[in-house]
file start34.cif (mmCIF, C-alpha atoms)
data_coords
loop_
_atom_site.label_atom_id
_atom_site.label_comp_id
_atom_site.auth_asym_id
_atom_site.auth_seq_id
_atom_site.Cartn_x
_atom_site.Cartn_y
_atom_site.Cartn_z
CA MET U 1 57.94 85.04 49.87
CA SER U 2 59.57 86.13 53.12
CA GLU U 3 60.65 83.66 55.77
CA PRO U 4 58.43 83.37 58.86
CA ASP U 5 59.56 85.08 62.05
CA PHE U 6 61.72 82.62 63.99
CA SER U 7 59.59 83.02 67.11
CA ASP U 8 56.70 81.61 65.05
CA VAL U 9 58.92 78.70 63.97
CA LEU U 10 59.64 77.93 67.62
CA LYS U 11 55.97 78.11 68.60
CA ALA U 12 55.04 75.79 65.73
CA GLY U 13 57.68 73.36 66.93
CA VAL U 14 56.27 73.38 70.46
CA THR U 15 52.81 72.77 69.06
CA ARG U 16 54.04 69.74 67.06
CA PHE U 17 55.73 68.42 70.19
CA GLN U 18 52.56 68.79 72.27
CA GLN U 19 50.28 67.30 69.62
CA HIS U 20 52.41 64.51 68.14
CA VAL U 21 55.50 63.71 70.24
CA PHE U 22 54.30 64.06 73.83
CA PRO U 23 51.20 61.85 73.48
CA LYS U 24 53.30 58.94 72.18
CA ARG U 25 55.71 59.20 75.14
CA ARG U 26 53.32 60.37 77.83
CA MET U 27 54.24 57.58 80.27
CA LEU U 28 57.94 58.42 80.03
CA PHE U 29 57.35 62.12 80.66
CA GLU U 30 55.02 61.38 83.59
CA LYS U 31 57.79 59.25 85.11
CA LEU U 32 60.42 61.93 84.46
CA ALA U 33 58.17 64.56 86.07
CA ARG U 34 58.81 62.84 89.41
CA ALA U 35 62.58 62.36 89.21
CA GLN U 36 65.58 62.15 86.90
CA ASN U 37 68.31 59.52 86.80
CA PRO U 38 70.76 60.46 84.02
CA LYS U 39 73.73 58.18 83.49
CA ALA U 40 76.13 60.79 82.16
CA LEU U 41 77.09 64.43 82.33
CA PHE U 42 77.65 65.59 78.76
CA LEU U 43 79.75 68.75 78.83
CA THR U 44 80.02 70.30 75.41
CA CYS U 45 80.14 73.55 73.45
CA ALA U 46 77.20 75.91 73.13
CA ASP U 47 77.65 75.82 69.34
CA SER U 48 74.24 75.41 67.69
CA ARG U 49 75.57 72.68 65.39
CA VAL U 50 76.31 70.35 68.30
CA VAL U 51 73.18 68.49 69.47
CA PRO U 52 74.07 66.00 72.23
CA SER U 53 70.89 63.91 72.12
CA LEU U 54 71.11 63.68 68.33
CA ILE U 55 74.79 62.69 68.30
CA THR U 56 74.34 60.08 71.03
CA HIS U 57 70.82 59.00 70.03
CA THR U 58 69.65 59.35 73.62
CA GLY U 59 66.25 60.30 74.93
CA PRO U 60 64.81 62.48 77.70
CA GLY U 61 66.30 61.78 81.12
CA GLN U 62 69.47 60.03 79.94
CA LEU U 63 71.92 62.94 79.69
CA PHE U 64 72.58 65.80 82.10
CA VAL U 65 73.90 68.46 79.73
CA GLU U 66 76.20 71.41 80.47
CA ARG U 67 76.98 73.72 77.54
CA ASN U 68 79.27 76.71 77.32
CA PRO U 69 81.47 78.39 74.71
CA GLY U 70 84.36 76.07 73.95
CA ASN U 71 83.33 73.18 76.28
CA LEU U 72 85.58 74.67 78.96
CA VAL U 73 85.88 73.54 82.57
CA PRO U 74 87.00 76.22 85.04
CA LEU U 75 89.61 75.32 87.62
CA TYR U 76 87.80 74.68 90.89
CA ARG U 77 87.48 77.68 93.19
CA LYS U 78 85.19 77.92 96.20
CA GLU U 79 83.79 81.26 95.08
CA ALA U 80 83.02 80.08 91.52
CA VAL U 81 79.65 78.73 90.43
CA GLY U 82 78.08 78.09 87.02
CA VAL U 83 79.84 75.19 85.34
CA SER U 84 81.30 74.08 88.67
CA ALA U 85 77.80 73.84 90.13
CA SER U 86 76.63 71.68 87.25
CA ILE U 87 79.57 69.32 87.72
CA GLU U 88 79.04 69.04 91.46
CA TYR U 89 75.30 68.49 91.13
CA ALA U 90 75.69 65.84 88.42
CA VAL U 91 78.38 63.91 90.28
CA THR U 92 77.19 64.25 93.88
CA ALA U 93 73.40 64.64 93.71
CA LEU U 94 72.62 62.70 90.54
CA GLN U 95 75.48 60.19 90.89
CA VAL U 96 76.22 60.09 87.16
CA GLU U 97 78.51 57.26 86.12
CA HIS U 98 80.19 59.04 83.22
CA ILE U 99 81.38 62.51 82.27
CA ILE U 100 81.95 63.19 78.58
CA ILE U 101 83.81 66.33 77.57
CA CYS U 102 83.02 66.78 73.90
CA GLY U 103 84.79 69.24 71.64
CA HIS U 104 83.97 69.70 67.97
CA SER U 105 85.43 70.72 64.63
CA ASP U 106 85.37 74.35 63.45
CA CYS U 107 84.97 75.65 67.01
CA GLY U 108 85.02 79.45 67.15
CA VAL U 109 86.31 79.46 70.72
CA VAL U 110 89.21 77.18 69.80
CA LYS U 111 90.05 79.64 67.01
CA GLY U 112 89.96 82.40 69.60
CA ILE U 113 92.20 80.42 71.95
CA LEU U 114 94.70 80.09 69.11
CA HIS U 115 94.48 83.82 68.29
CA PRO U 116 93.55 85.71 71.51
CA ASP U 117 93.95 89.06 69.75
CA LYS U 118 90.89 88.31 67.62
CA VAL U 119 88.59 88.30 70.64
CA ALA U 120 90.09 91.30 72.44
CA HIS U 121 86.89 93.25 71.65
CA LEU U 122 84.89 90.61 73.59
CA PRO U 123 86.25 91.00 77.13
CA ALA U 124 83.97 88.44 78.80
CA VAL U 125 84.78 85.87 76.12
CA ALA U 126 88.48 86.63 76.40
CA ARG U 127 88.40 86.09 80.17
CA TRP U 128 86.50 82.84 79.75
CA MET U 129 89.01 81.55 77.22
CA GLU U 130 91.78 81.79 79.79
CA PHE U 131 90.69 78.28 80.78
CA GLY U 132 91.95 77.09 77.39
CA ARG U 133 95.32 78.85 77.49
CA ALA U 134 97.20 75.79 78.79
CA ALA U 135 95.96 73.82 75.79
CA ARG U 136 97.28 76.49 73.41
CA GLU U 137 100.68 76.54 75.11
CA ALA U 138 100.97 72.74 75.00
CA MET U 139 99.95 72.59 71.33
CA LEU U 140 102.37 75.33 70.25
CA LYS U 141 105.21 73.67 72.14
CA GLU U 142 104.93 70.66 69.85
CA TYR U 143 103.27 71.96 66.70
CA ARG U 144 104.25 75.62 66.28
CA HIS U 145 105.80 74.76 62.90
CA LEU U 146 102.49 73.62 61.38
CA PRO U 147 100.16 75.85 59.36
CA GLU U 148 97.08 77.15 61.15
CA GLU U 149 94.66 74.81 59.37
CA GLU U 150 96.56 71.87 60.82
CA GLN U 151 96.97 73.42 64.26
CA LEU U 152 93.24 73.96 64.82
CA PRO U 153 92.13 70.29 64.91
CA ILE U 154 95.12 69.46 67.11
CA LEU U 155 94.24 72.31 69.47
CA THR U 156 90.66 71.04 69.60
CA GLU U 157 91.96 67.73 70.95
CA PHE U 158 94.44 69.41 73.31
CA ASN U 159 91.61 71.55 74.64
CA VAL U 160 89.51 68.51 75.51
CA LEU U 161 92.45 67.00 77.39
CA ASN U 162 93.13 70.30 79.16
CA GLN U 163 89.51 70.45 80.32
CA ILE U 164 89.75 66.90 81.66
CA ASP U 165 92.77 68.05 83.69
CA ASN U 166 90.70 70.98 84.99
CA LEU U 167 87.87 68.60 85.84
CA TYR U 168 90.15 66.71 88.22
CA THR U 169 90.55 69.87 90.32
CA HIS U 170 86.91 69.53 91.41
CA PRO U 171 86.58 67.77 94.79
CA SER U 172 83.37 65.97 93.80
CA VAL U 173 85.11 64.48 90.77
CA GLN U 174 88.17 63.50 92.77
CA ARG U 175 86.03 61.63 95.30
CA ALA U 176 83.94 59.85 92.68
CA VAL U 177 87.00 58.72 90.74
CA LEU U 178 88.69 57.43 93.93
CA GLU U 179 85.50 55.52 94.75
CA GLU U 180 85.61 54.03 91.22
CA ARG U 181 82.08 55.12 90.42
CA LEU U 182 82.91 57.67 87.73
CA THR U 183 84.54 57.32 84.31
CA ILE U 184 85.70 60.35 82.32
CA HIS U 185 85.77 60.44 78.52
CA GLY U 186 87.23 62.88 76.00
CA TRP U 187 85.46 63.15 72.64
CA VAL U 188 85.77 65.27 69.51
CA TYR U 189 82.75 65.45 67.19
CA HIS U 190 83.42 66.21 63.52
CA ILE U 191 80.46 68.15 62.16
CA GLU U 192 81.21 67.57 58.49
CA SER U 193 81.38 63.76 58.72
CA GLY U 194 79.46 62.83 61.86
CA GLU U 195 82.55 61.05 63.15
CA VAL U 196 83.24 60.96 66.88
CA ARG U 197 86.80 60.38 68.06
CA GLU U 198 87.49 59.33 71.64
CA TYR U 199 90.72 59.70 73.55
CA ASN U 200 92.49 56.39 74.15
CA ALA U 201 94.74 56.93 77.17
CA ASP U 202 96.67 53.72 76.57
CA ARG U 203 97.67 54.87 73.09
CA ALA U 204 97.70 58.60 73.96
CA ARG U 205 95.62 59.55 70.94
CA PHE U 206 92.07 60.19 69.75
CA GLU U 207 90.59 57.32 67.78
CA ALA U 208 87.45 56.95 65.71
CA TRP U 209 84.98 54.26 66.67
CA PRO U 210 84.21 51.55 64.14
CA VAL U 211 80.97 52.20 62.29
CA TYR U 212 78.66 49.22 62.53
CA PRO U 213 76.15 48.41 59.79
#

call {"tool": "encode", "arguments": {"input": "start34.cif", "output": "C-alpha coordinates"}}
result
Amino acid sequence: MSEPDFSDVLKAGVTRFQQHVFPKRRMLFEKLARAQNPKALFLTCADSRVVPSLITHTGPGQLFVERNPGNLVPLYRKEAVGVSASIEYAVTALQVEHIIICGHSDCGVVKGILHPDKVAHLPAVARWMEFGRAAREAMLKEYRHLPEEEQLPILTEFNVLNQIDNLYTHPSVQRAVLEERLTIHGWVYHIESGEVREYNADRARFEAWPVYP
(Lines of atoms letter the chains of each structure in order from A and count residues from 1; the text may use other names and numbers.)
(Lines give C-alpha, C1' and ligand atoms only; values in the text may rest on other atoms or scores of the structure.)
Protein backbone atom coordinates (compact mmCIF):
# COMPACT_ATOMS: atom_id res chain seq x y z
CA MET A 1 0.00 0.00 0.00
CA SER A 2 1.49 3.33 -1.04
CA GLU A 3 1.88 6.22 1.37
CA PRO A 4 -0.63 9.08 1.05
CA ASP A 5 0.48 12.25 -0.69
CA PHE A 6 2.00 14.55 1.94
CA SER A 7 -0.31 17.41 0.97
CA ASP A 8 -3.20 15.15 2.02
CA VAL A 9 -1.43 14.47 5.33
CA LEU A 10 -1.18 18.22 5.93
CA LYS A 11 -4.84 18.80 5.07
CA ALA A 12 -5.89 16.00 7.42
CA GLY A 13 -3.83 17.60 10.16
CA VAL A 14 -5.54 20.96 9.63
CA THR A 15 -8.90 19.24 9.77
CA ARG A 16 -8.04 17.56 13.10
CA PHE A 17 -6.90 20.93 14.45
CA GLN A 18 -10.13 22.64 13.40
CA GLN A 19 -12.38 19.86 14.69
CA HIS A 20 -10.64 18.78 17.90
CA VAL A 21 -7.94 21.23 19.03
CA PHE A 22 -9.39 24.65 18.22
CA PRO A 23 -12.77 24.11 19.91
CA LYS A 24 -11.10 23.21 23.21
CA ARG A 25 -8.96 26.38 23.14
CA ARG A 26 -11.35 28.74 21.38
CA MET A 27 -11.15 31.42 24.10
CA LEU A 28 -7.35 31.51 23.90
CA PHE A 29 -7.35 31.86 20.12
CA GLU A 30 -10.03 34.57 20.24
CA LYS A 31 -7.82 36.49 22.68
CA LEU A 32 -4.73 35.96 20.52
CA ALA A 33 -6.62 37.17 17.45
CA ARG A 34 -6.60 40.66 18.99
CA ALA A 35 -2.96 40.87 20.11
CA GLN A 36 0.15 38.90 20.99
CA ASN A 37 2.38 39.24 24.03
CA PRO A 38 5.21 36.68 23.73
CA LYS A 39 7.77 36.58 26.50
CA ALA A 40 10.70 35.36 24.43
CA LEU A 41 12.25 35.42 21.00
CA PHE A 42 13.33 31.86 20.22
CA LEU A 43 15.93 31.96 17.46
CA THR A 44 16.78 28.50 16.24
CA CYS A 45 17.63 26.38 13.21
CA ALA A 46 15.18 25.61 10.42
CA ASP A 47 15.95 21.90 10.87
CA SER A 48 12.69 19.94 10.83
CA ARG A 49 13.73 17.96 13.91
CA VAL A 50 13.79 21.06 16.11
CA VAL A 51 10.30 22.00 17.33
CA PRO A 52 10.49 24.99 19.72
CA SER A 53 7.02 24.67 21.25
CA LEU A 54 7.54 20.94 21.80
CA ILE A 55 10.98 21.34 23.39
CA THR A 56 9.84 24.17 25.68
CA HIS A 57 6.29 22.87 26.22
CA THR A 58 4.87 26.29 25.41
CA GLY A 59 1.59 27.20 23.82
CA PRO A 60 0.30 29.66 21.22
CA GLY A 61 1.32 33.25 21.91
CA GLN A 62 4.24 32.51 24.24
CA LEU A 63 7.16 32.35 21.81
CA PHE A 64 8.09 34.64 18.92
CA VAL A 65 10.06 32.26 16.70
CA GLU A 66 12.75 33.06 14.13
CA ARG A 67 14.18 30.10 12.21
CA ASN A 68 16.97 29.94 9.67
CA PRO A 69 19.65 27.48 8.58
CA GLY A 70 22.16 27.16 11.40
CA ASN A 71 20.44 29.53 13.89
CA LEU A 72 22.66 32.34 12.60
CA VAL A 73 22.42 36.03 13.49
CA PRO A 74 23.76 38.43 10.85
CA LEU A 75 25.92 41.31 11.97
CA TYR A 76 23.75 44.41 12.06
CA ARG A 77 23.73 46.48 8.88
CA LYS A 78 21.25 49.23 8.04
CA GLU A 79 20.56 47.77 4.61
CA ALA A 80 19.93 44.23 5.90
CA VAL A 81 16.49 42.88 6.75
CA GLY A 82 15.15 39.37 7.38
CA VAL A 83 16.53 38.05 10.65
CA SER A 84 17.46 41.58 11.73
CA ALA A 85 13.86 42.68 11.27
CA SER A 86 12.60 39.82 13.42
CA ILE A 87 15.03 40.73 16.20
CA GLU A 88 14.13 44.41 16.10
CA TYR A 89 10.39 43.73 16.05
CA ALA A 90 10.56 41.23 18.92
CA VAL A 91 12.70 43.48 21.13
CA THR A 92 11.26 46.90 20.33
CA ALA A 93 7.63 46.32 19.32
CA LEU A 94 6.82 43.21 21.34
CA GLN A 95 9.16 44.00 24.26
CA VAL A 96 10.21 40.37 24.76
CA GLU A 97 12.06 39.75 28.00
CA HIS A 98 14.28 36.93 26.75
CA ILE A 99 16.14 35.91 23.60
CA ILE A 100 17.15 32.26 23.31
CA ILE A 101 19.60 31.27 20.60
CA CYS A 102 19.25 27.51 20.31
CA GLY A 103 21.62 25.31 18.35
CA HIS A 104 21.23 21.56 18.05
CA SER A 105 23.13 18.33 17.53
CA ASP A 106 23.81 16.94 14.04
CA CYS A 107 23.32 20.35 12.43
CA GLY A 108 24.01 20.27 8.69
CA VAL A 109 24.95 23.95 8.63
CA VAL A 110 27.49 23.47 11.42
CA LYS A 111 28.99 20.64 9.36
CA GLY A 112 29.14 23.05 6.43
CA ILE A 113 30.78 25.72 8.57
CA LEU A 114 33.44 23.18 9.52
CA HIS A 115 33.94 22.12 5.88
CA PRO A 116 33.06 25.11 3.62
CA ASP A 117 34.19 23.21 0.53
CA LYS A 118 31.26 20.83 0.93
CA VAL A 119 28.72 23.59 0.32
CA ALA A 120 30.55 25.35 -2.51
CA HIS A 121 27.82 24.13 -4.90
CA LEU A 122 25.22 26.00 -2.79
CA PRO A 123 26.30 29.63 -3.21
CA ALA A 124 23.47 31.21 -1.20
CA VAL A 125 24.06 28.78 1.67
CA ALA A 126 27.80 29.39 1.51
CA ARG A 127 27.28 33.16 1.75
CA TRP A 128 24.89 32.74 4.66
CA MET A 129 27.36 30.56 6.54
CA GLU A 130 29.89 33.39 6.57
CA PHE A 131 28.13 34.46 9.76
CA GLY A 132 29.47 31.29 11.39
CA ARG A 133 33.06 31.64 10.21
CA ALA A 134 34.26 33.31 13.44
CA ALA A 135 32.97 30.31 15.40
CA ARG A 136 34.95 27.93 13.17
CA GLU A 137 38.13 29.96 13.56
CA ALA A 138 37.77 30.10 17.34
CA MET A 139 37.09 26.36 17.61
CA LEU A 140 40.03 25.38 15.40
CA LYS A 141 42.35 27.65 17.35
CA GLU A 142 41.77 25.52 20.44
CA TYR A 143 40.66 22.14 19.12
CA ARG A 144 42.29 21.62 15.72
CA HIS A 145 43.97 18.47 17.08
CA LEU A 146 40.67 16.69 17.76
CA PRO A 147 38.95 14.31 15.33
CA GLU A 148 35.99 15.70 13.41
CA GLU A 149 33.37 13.81 15.45
CA GLU A 150 34.60 15.63 18.54
CA GLN A 151 34.96 18.99 16.83
CA LEU A 152 31.34 19.13 15.64
CA PRO A 153 29.61 19.32 19.06
CA ILE A 154 32.20 21.86 20.19
CA LEU A 155 31.61 23.94 17.07
CA THR A 156 27.86 23.78 17.71
CA GLU A 157 28.45 25.46 21.08
CA PHE A 158 30.95 27.95 19.67
CA ASN A 159 28.43 28.85 16.99
CA VAL A 160 25.76 29.68 19.57
CA LEU A 161 28.21 31.94 21.40
CA ASN A 162 29.29 33.58 18.14
CA GLN A 163 25.66 34.34 17.29
CA ILE A 164 25.15 35.91 20.72
CA ASP A 165 28.13 38.17 19.94
CA ASN A 166 26.48 39.07 16.62
CA LEU A 167 23.22 39.76 18.43
CA TYR A 168 24.91 42.47 20.48
CA THR A 169 25.66 44.42 17.28
CA HIS A 170 21.93 45.15 16.93
CA PRO A 171 20.99 48.57 18.36
CA SER A 172 17.63 47.36 19.66
CA VAL A 173 19.35 44.62 21.65
CA GLN A 174 22.00 46.97 22.97
CA ARG A 175 19.34 49.38 24.26
CA ALA A 176 17.23 46.67 25.86
CA VAL A 177 20.22 45.12 27.63
CA LEU A 178 21.36 48.54 28.93
CA GLU A 179 17.83 49.14 30.22
CA GLU A 180 18.00 45.73 31.97
CA ARG A 181 14.80 44.51 30.37
CA LEU A 182 16.29 41.77 28.21
CA THR A 183 18.15 38.56 29.08
CA ILE A 184 19.99 36.53 26.44
CA HIS A 185 20.42 32.76 26.65
CA GLY A 186 22.51 30.27 24.69
CA TRP A 187 21.13 26.73 24.38
CA VAL A 188 22.08 23.53 22.58
CA TYR A 189 19.37 20.91 22.08
CA HIS A 190 20.49 17.28 21.72
CA ILE A 191 18.05 15.52 19.42
CA GLU A 192 19.02 11.99 20.39
CA SER A 193 18.51 12.45 24.16
CA GLY A 194 16.17 15.42 24.51
CA GLU A 195 18.78 17.13 26.68
CA VAL A 196 19.10 20.91 26.60
CA ARG A 197 22.38 22.48 27.67
CA GLU A 198 22.55 26.17 28.55
CA TYR A 199 25.61 28.38 28.58
CA ASN A 200 26.72 29.35 32.08
CA ALA A 201 28.74 32.55 31.70
CA ASP A 202 30.13 32.34 35.22
CA ARG A 203 31.64 28.92 34.51
CA ALA A 204 32.22 29.57 30.79
CA ARG A 205 30.63 26.30 29.73
CA PHE A 206 27.36 24.71 28.61
CA GLU A 207 25.60 22.77 31.33
CA ALA A 208 22.64 20.42 31.33
CA TRP A 209 19.67 21.28 33.49
CA PRO A 210 18.67 18.85 36.22
CA VAL A 211 15.78 16.63 35.18
CA TYR A 212 12.98 16.81 37.71
CA PRO A 213 10.63 13.88 38.30

call {"tool": "resolve_selection", "arguments": {"input": "start34.cif", "expression": "the PyMOL selection byres ((chain U and resi 167) around 10)", "output": "list in words"}}
result
Leu72, Val73, Pro74, Leu75, Tyr76, Ser84, Ile87, Ile99, Ile101, Leu161, Asn162, Gln163, Ile164, Asp165, Asn166, Tyr168, Thr169, His170, Pro171, Ser172, Val173, Gln174 and Ile184 of chain U

call {"tool": "resolve_selection", "arguments": {"input": "start34.cif", "expression": "the PyMOL selection byres ((chain U and resi 62) around 10)", "output": "PyMOL selection string"}}
result
chain U and resi 36-42+53+58-61+63-65+96

call {"tool": "closest_residue", "arguments": {"input": "start34.cif", "among": "U:Gly132, U:Glu180, U:Asp106, U:Gly194", "to": "U:Glu150", "atoms": "all atoms listed in the file"}}
result
U:Asp106

call {"tool": "closest_residue", "arguments": {"input": "start34.cif", "among": "U:Thr156, U:Ser7, U:Thr15, U:Thr56", "to": "U:Gly103", "atoms": "only C-alpha atoms"}}
result
U:Thr156

call {"tool": "atom_distance", "arguments": {"input": "start34.cif", "atom1": "atom CA of U:Met129", "atom2": "atom CA of U:Val110"}}
result
8.6 Å

call {"tool": "residues_near_point", "arguments": {"input": "start34.cif", "point": "(84.5, 77.1, 73.8)", "cutoff": "7 Å", "atoms": "only C-alpha atoms", "output": "CSV table (one decimal) with C-alpha atoms, in the coordinates of the input"}}
result
chain,number,residue,atom,x,y,z
U,45,CYS,CA,80.1,73.6,73.4
U,68,ASN,CA,79.3,76.7,77.3
U,69,PRO,CA,81.5,78.4,74.7
U,70,GLY,CA,84.4,76.1,74.0
U,71,ASN,CA,83.3,73.2,76.3
U,72,LEU,CA,85.6,74.7,79.0
U,107,CYS,CA,85.0,75.6,67.0
U,109,VAL,CA,86.3,79.5,70.7
U,110,VAL,CA,89.2,77.2,69.8

call {"tool": "atom_distance", "arguments": {"input": "start34.cif", "atom1": "atom CA of U:Asn159", "atom2": "atom CA of U:Ala80"}}
result
20.8 Å

call {"tool": "closest_residue", "arguments": {"input": "start34.cif", "among": "U:Arg127, U:Arg136, U:Arg144, U:His98", "to": "U:Lys111", "atoms": "only C-alpha atoms"}}
result
U:Arg136

call {"tool": "residues_around", "arguments": {"input": "start34.cif", "residues": "U:Glu142", "least_positions_apart": "4", "cutoff": "12 Å", "atoms": "all atoms listed in the file", "output": "number ranges by chain"}}
result
U: 135-138, 146, 151, 154-155, 158

call {"tool": "atom_distance", "arguments": {"input": "start34.cif", "atom1": "atom CA of U:Thr44", "atom2": "atom CA of U:His104"}}
result
8.4 Å

call {"tool": "closest_residue", "arguments": {"input": "start34.cif", "among": "U:Arg49, U:Ala85, U:Leu54, U:Gln95", "to": "U:Gly108", "atoms": "all atoms listed in the file"}}
result
U:Arg49

call {"tool": "closest_residue", "arguments": {"input": "start34.cif", "among": "U:Phe206, U:Ala201, U:Glu88, U:Pro153", "to": "U:Arg175", "atoms": "only C-alpha atoms"}}
result
U:Glu88

call {"tool": "closest_residue", "arguments": {"input": "start34.cif", "among": "U:Val119, U:Ala35, U:Leu114, U:Ile100", "to": "U:Leu140", "atoms": "all atoms listed in the file"}}
result
U:Leu114

call {"tool": "resolve_selection", "arguments": {"input": "start34.cif", "expression": "the PyMOL selection byres ((chain U and resi 205) around 12)", "output": "number ranges by chain"}}
result
U: 154, 157-158, 160-161, 186-188, 197-204, 206-208
